[in-house]
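Report on the following structure.
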2 protein chains.
Amino acid sequence: MRFRGGSPECLEHGWVSRVTIADVASAAGVSKTAVSFAFNNPDRLGQATLERVLGVAQDLGYTPHPAARALSTKRSGTIGLLVPQRLATVFGNPFVSELIQGLGAQCDEHDLTLLLVPPLDGSLEQAIRMASVDGFISLGLSPDDSAVRLLERIGIPNVLVDSEGSADHPAVNIDDEAGAESAAMHLLQLGHRRIAILVLPPVRAQKDPSPSVTRRLSGYRKAIDAAGAPEPTTVVAGISVAAGGRAFESLSMGRRGPTGVLAMSDMAAIGVLGAAESAGRRVPEDLSVVGFDDIPAAAWTSPPLTTVRQPIVEKGKLAARILIQRMNGESVDSPQPLKTTLVVRKSTSSVHGAGFAD
Amino acid sequence: MRFRGGSPECLEHGWVSRVTIADVASAAGVSKTAVSFAFNNPDRLGQATLERVLGVAQDLGYTPHPAARALSTKRSGTIGLLVPQRLATVFGNPFVSELIQGLGAQCDEHDLTLLLVPPLDGSLEQAIRMASVDGFISLGLSPDDSAVRLLERIGIPNVLVDSEGSADHPAVNIDDEAGAESAAMHLLQLGHRRIAILVLPPVRAQKDPSPSVTRRLSGYRKAIDAAGAPEPTTVVAGISVAAGGRAFESLSMGRRGPTGVLAMSDMAAIGVLGAAESAGRRVPEDLSVVGFDDIPAAAWTSPPLTTVRQPIVEKGKLAARILIQRMNGESVDSPQPLKTTLVVRKSTSSVHGAGFAD
DNA sequence: ATCCCCGCATAAACCGCTTTAGTAAAACGG
DNA sequence: CCGTTTTACTAAAGCGGTTTATGCGGGGAT
């Protein structure tokens, strides 16, 4: 069986035939204005006319053309989620799903839809220009990213997530530094001294790490310095299990290798768990690992992952709420960073002996 | 620090000032047509004019208004993903992220964006009418769902995922029956006789289970009947860890309780794993469980989950590819169901003794 | 009766872009 | 040197809605 798009007449003409407002108007014997009012301003129509118009519209299966409406009202009823990488990459990260749950809760509440906006031909700017949205939420972009500046120039309301608040943009963040610090302190209190840090790579071909990475790094360091422990090894690891595995392998795991690893994402941490097992290192006996985020899967791993929990869904909700307020022209306080909490599970334990058996 | 949307003048006027095509035209001393051609049909302009127009547009920061463009061209450059539940619910299911990775790969390739379309005020139909998209991919909706029929009536190209092919719609499916059968056979070959099935609940307030559920059920039954095993217990469990946990608890786990459970989703299966552990049942020694989907997390659970793998990303790619072809008016063969494979990990083993210790 | 106001409905402008049909000038061909 | 293409550009008509300003008939106040 073969299919083609649309109804028979589409097949011939190559376009979709829509019932327009004019069709309804003439069928109901009224003006376009009346039909429009019937939907958007019912009070301005007489009872009888209103019902008749609505009835006809129903019969004809009339649907206002979204683009036409958007053009006229200057509102599209959708908000954009600006992601710095291709969708295929971004959605490998459960963090994003969680965030969308939060955004979605607000969207549902305000009758908005959510448009995913990845770079177009590698250009986020292009993508921004093409997107018909009332506002943007951008993920992990620093305030001086060219894409963010474009948003500001065009004047589209936007809020940054996992970035850095600035004079021009409200940003929703967590207390990365405190979170990282608590993770490092946990390891240090367990007696770990030789620590490896799995750093997130910069996004969008920027040389500098993103703001939240910097903050986390500083949190880790703060604790380590305070404890007088030696300089930690750092390895960059993307947000994926595979990347975590590779990072593990790149770590020198000899007698003087790290006894604890601090990952900036649960995904990477999970990768370490897997790679360690393959390599015959027991977690936590031989190696302690702590993640970051507390994605749902962190609770099911073997062993369950000790990690820094951040309220991802809450973060999404908050970001969307702020965006919606800005879209309505309300003034908005840039929120305090959200609190993180250390969730201690089974992937960390005190150091045994001088290191670990091998 | 307080923020408001947009540039200073927006603050005063309440609207975003856009540079329009007319502004560019007059600034460059040409007609609107020329500006339009400069972008969409450069060949029709002289070299000099072209460059000048482009230059001016650049300077002014001109961006064609997406809605206006969409209205005129009858193309929005976005495809919609029609989901039957609220975003907050749907994105709790990693399956969806995976699928989006597939869809996204195609979107990236064809310069399309992806719009998430959940029910609006509980009505999918409403949501469909409001969405400015060139085509829809719908998830788990049966071909005679009113929403799907609306799509057809309006004449928007669409493809169904996890549904049922019909004369009117191409659908992308996996071989649910064979997949389910292989899962059941696996358990039966391990000697299990008393089996519980975790059935997915119907979506969208329909009384009937969705097509793929029916097919899976029939696959399970086929194997069970062939083996002459007793009638399986069935419990409905939504696609979430919590639901899986509840399902486990509702199972009578006495001496005559099931020794094996067949879950229609990995999430529910993972919930069973957790609940079983809490209840002091060892998996797989006391209870074997097999999931469905093979989401990434299935490989990390404790114990790693035996499950029916379906090529989710591939499925997304295929669905998007077909949709895009239909949008281009090409005729399309409805594809064969995608193959599933049983992935045997550590959550299943042969029955020990007459049941399990308690 | 006259005036005014009010409820109901409409004409027409507008949103910003694409595109068809067409014009003026330049290039061509003989 | 005059028709005929070709080239370079434009006027204006949509696309399908919303919205402002206006028209009109009738009831209440004067």
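Going by the structure tokens order, chains are called A, B, ..., each with residues numbered from 1, while ligands are numbered from 1 in the order shown.
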For chain A, report every residue with an atom at most 7 Å from chain C (counting only C-alpha atoms (C1' of nucleotides)), formatted as an MDAnalysis selection string.
-> chainID A and resid 31 45:46 71:72
Contact set, chain A to chain B: 6 Å, only C-alpha atoms, as a compact mmCIF listing (two decimals) with C-alpha atoms, in the first residue's frame:
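As written to disk, part_15.txt reads:
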# COMPACT_ATOMS: atom_id res chain seq x y z
CA ARG A 2 1.30 3.43 -0.93
CA PHE A 3 0.40 6.69 0.64
CA ARG A 4 0.54 10.31 -0.26
CA GLY A 5 -0.08 13.36 1.83
CA GLY A 6 -3.54 14.69 2.43
CA SER A 7 -6.93 14.44 0.82
CA VAL A 16 -3.82 21.63 1.56
CA THR A 63 -9.76 26.10 12.14
CA PRO A 66 -2.14 29.52 13.22
CA ALA A 67 0.35 31.46 11.17
CA ALA A 68 -2.21 34.03 10.11
CA LEU A 71 0.98 37.37 12.22
CA LEU A 87 18.62 17.19 19.00
CA ALA A 88 20.15 13.79 18.56
CA PHE A 91 18.27 14.17 24.07
CA SER A 97 13.85 15.30 29.63
CA GLN A 101 8.86 18.03 32.37
CA GLY A 104 5.91 21.36 30.14
CA ALA A 105 4.04 21.74 33.39
CA LEU A 114 7.13 24.00 23.24
CA LEU A 115 9.36 24.27 20.20
CA LEU A 116 12.73 22.59 20.23
CA ARG A 129 15.47 33.91 13.28
CA MET A 130 13.38 31.14 11.81
CA SER A 132 8.11 31.55 15.48
CA GLY A 155 13.95 41.96 21.70
CA ILE A 156 12.58 38.47 22.28
CA PRO A 157 12.02 37.72 25.95
CA TRP A 300 18.84 2.24 39.97
CA THR A 301 22.42 1.78 39.02
CA SER A 302 24.61 -0.86 40.45
CA ARG A 326 8.50 38.51 30.99
CA GLY A 329 5.67 42.43 30.27
CA SER A 331 8.97 42.78 35.79
CA VAL A 332 10.68 39.85 37.34
CA ASP A 333 13.13 39.28 40.09
What residues in chain D have any atom no more than 12 Å from chain B when counting only C-alpha atoms (C1' of nucleotides), and can you write them as a PyMOL selection string?
-> chain D and resi 7-12+14-17
Kindly indicate which residue among B:Pro84, B:Pro201, B:Gly140, B:Gly191 lies nearest to B:Val172, using only C-alpha atoms for the distances.
->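 Going through B:Pro84, B:Pro201, B:Gly140, B:Gly191 one by one, the smallest distance to B:Val172 is for B:Gly140.
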Calculate how many Å separate atom CA of B:Met185 from atom CA of B:Gly280, rounding to one decimal.
->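 Answer for the atom CA of B:Met185 to atom CA of B:Gly280 separation: 26.6 Å.
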Just how far from atom CA of B:Glu314 is atom CA of B:Val235, in Å to one decimal?
-> 29.9 Å
Report as a count of residues only: the residues of stretch 71-102 of chain A with a DSSP assignment of strand (DSSP E), based on the backbone of this structure.
-> 5
Can you list, as a VMD selection string, all residues belonging to stretch 51-172 of chain B that DSSP tags as alpha helix (DSSP H)?
-> chain B and resid 51 to 60 66 to 73 87 to 90 94 to 110 124 to 130 146 to 154
Distance in Å - atom CA of A:Arg216 versus atom CA of A:Gly179 =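 Atom CA of A:Arg216 sits 7.3 Å away from atom CA of A:Gly179.
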Which polymer residues have any atom within 12 Å of an atom of B:Thr214, counting only C-alpha atoms (C1' of nucleotides), with same-chain residues fewer than 3 positions away left out, as a ChimeraX atom specification?
-> /B:142,162-164,175-177,180,199-202,208-211,217-221,264
Of the candidates B:Phe95, B:Phe292, B:Phe248, B:Phe39, which shows the shortest atom-to-atom distance to B:Val236, using only C-alpha atoms?
->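 For B:Val236, the nearest of the given residues is B:Phe248.
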